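Asker: Mind having a look at this structure? Questions to follow.
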Amino acid sequence: MTPVPPVPPMRPILLTDLPIRDDLRGRSPYGAPQIDVPVRLNTNENPYPPSAGLVADLAEAVRRDAGELNRYPDRDAMALREDLAAYLGHGLSARQVWAANGSNEVLQQILQAFGGPGRSALGFEPSYSMHPIITTGASTRWISGAREDDFGLDPGKAVAAIEEHRPDIVFLTSPNNPTGTALTMDVVQRVVEAAPGMVVVDEAYFEFARTGTPSALRLLPGNPRLIVTRTMSKAFAMAGTRLGYLAADPAVIEALLLVRLPYHLSTLTQAAARVAVAHRDELLGTVDRLRAERDDCVRRLREHGLSVADSDANFVLFGRFRDRHAVWEALLEHGVLIREVGPPEWLRVSVGTAQEMAAFHEALSAVLAVSDVIPASGRPGRDEPEESA
Ligand SMILES: *Cc1c(COP(=O)(O)O)cnc(C)c1O
């Protein structure tokens with residue numbers, strides 16, 4: 001441990017004054033800017049708020065359970081896990097489903113159980129920035145594998161990377177964030193066969209995938225080292241509830257019970273999530289609209305002559321810009337917040353309502369008309385991903 005220098009009086013304490021873990025020094029936290037502007041298209045939320053009927057049911061559920069808040073919640077969230085298993089289908093039961101405060105907590109529990117000092121996790125980038133952050137936060141070595149130029153995964157190269165590094169955990173994100181790319185079952189199956197340890201398929205955006213896109217859930221039978229994670233934060237339009245979940249072999253859930261905090265999922269979270277599952281037809285009813293807006297967005301961005309990644313999610317990655325920060329900032333001046341994420345010349349826009357998308361396209365047209373930030377030349381590329389995104 002680095003010795004901590006004495007702090008001179010009368011100056012603010014800095015992070016580096018504290019005896020923080022050596023491997024956390026110099027790191028950046030997750031930080032999507034939360035700026036209050038009229039059009040926020042930067043964190044892939046569903047733009048449609050819950051209906052009055054859903055809000056009333058939520059209020060009723062909270063009122064019902066509030067009388068027992070002196071007691072701890074159901075530690076194992078059995079009723080919710082039964083609901084989620086029924087939603088997922090594929091013959092799953094509650095014993096194969098686990099839930100936590102957002103899929104980020106699910107991922108953290110996976111890292112705590114299957115990663116740790118001396119262990120490693122491999123992901124194929126550009127991908128979700130929280131995978132390396134959660135991995136290194138659990139003192140696990142992060143290995144950055146690469147996606148292809150079209151942001152897909154070549155099964156042969158993925159297997160070669162696994163054989164070279166022998167990671168304890170492999171992350172596959174499908175559809176991938178920030179590129180929108182869905183993986184074929186062939187790639188997932190080959191990775192599961194090659195991986196010496198656990199394989200996590202992060203399906204946070206699965207409900208937005210084009211019709212016919214298979215879920216890795218179908219590969220669970222006979223693959224006890226496969227974990228499929230999902231969330232209520234995106235298609236389910238419940239980001240504020242903080243509810244993520246996974247499906248896996250019951251033995252995987254036994255492992256997670258060793259590391260989870262007791263009573264990690266509050267009574268109110270469990271109640272809200274159960275109401276959300278009960279209202280799933282309504283909540284997921286916006287998905288078709290968002291998919292149509294997404295496809296329209298891809299088409300319009302291509303009409304500008306931009307490079308656009310095909311998307312199976314509720315966002316679109318587009319570029320390439322000599323100075324993407326200038327484009328991001330110019331859009332912000334027009335009241336539109338998108339995300340600087342992914343390879344350095346690209347930007348990501350989340351799909352909002354029709355009105356929000358109209359505002360985005362209008363602002364982008366204005367920005368492209370007056371600036372020389374116009375696309376850098378060249379085919380869509382696979383540059384080094386950003387560290388904090
Ligand atoms: C948004 C997102 C999540 C969701 O995280 P929650 O903690 O459930 O809100 C998980 N994985 C990916 C790839 C995401 O983009």
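To be explicit about the labels: the chains of the structure tokens are called A, B, and onward in the order shown, and within each one the residues are counted from 1, while ligands get numbers from 1 in the order they are shown.
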May I ask you to write as a VMD selection string all residues lying at most 6 Å from ligand 1, with only C-alpha atoms and all ligand atoms counted?
Answerer: chain A and resid 102 to 104 128 177 202 204 231 233 239 242 to 244
Asker: Which neighbours of range 62-72 of chain A fall inside 7 Å, counting only C-alpha atoms, when residues of the same chain fewer than 2 positions from it are skipped, and could you give them as a count of residues only?
Answerer: 7
Asker: Counting only C-alpha atoms, which residue out of A:Thr173, A:Ser365, A:Asn223, A:Gln189 sits closest to Leu331 in chain A?
Answerer: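 Result for the nearest residue to Leu331 in chain A: A:Ser365.
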Asker: Skipping near chain neighbours, those fewer than 6 positions away, what residues fall within 10 Å of Val259 in chain A using only C-alpha atoms, listed as a list in words?
Answerer: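 Here the answer would be Gln108, Gln109, Ile110, Leu111, Gln112 and Ala113 of chain A.
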Asker: Identify, on the basis of only C-alpha atoms, every residue whose closest approach to range 351-361 of chain A does not exceed 6 Å; exclude the query and any residue fewer than 4 positions from it along the same chain; express the result as number ranges by chain.
Answerer: A: 47, 294, 314-315
Asker: Given only C-alpha atoms as the basis, pick out the residue of A:Asp76, A:Asp22, A:Glu125, A:Asp312 nearest to Thr213 in chain A.
Answerer: A:Asp312
Asker: When distances are computed from only C-alpha atoms, which of A:Leu261, A:Ala209, A:Val349, A:Ala309 shows the smallest separation from Asp288 in chain A?
Answerer: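 Among A:Leu261, A:Ala209, A:Val349, A:Ala309, it is A:Ala209 that comes nearest to Asp288 in chain A.
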Asker: Between A:Pro250, A:Pro167, A:Gly31, A:Gly335, which residue has the minimum interatomic distance to Leu122 in chain A, considering only C-alpha atoms?
Answerer: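 The shortest atom-to-atom distance to Leu122 in chain A comes from A:Pro167.
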Asker: Measure the distance from CA of Pro126 in chain A to CA of Asp295 in chain A in Å and round it to one decimal.
Answerer: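 One can read the CA of Pro126 in chain A to CA of Asp295 in chain A distance as 21.6 Å.
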Asker: What lies within 8 Å of range 132-140 of chain A using only C-alpha atoms, ignoring chain neighbours under 6 positions off, as JSON, numbers by chain?
Answerer: {"A": [23, 24, 29, 30, 104, 107, 108, 111, 112, 115, 116, 117, 118, 119, 120, 121, 123]}
Asker: For a quick check of understanding, using only C-alpha atoms, which of A:Ala326, A:Ala146, A:Leu257, A:Ala363 has the smallest distance to Ala161 in chain A?
Answerer: A:Ala146
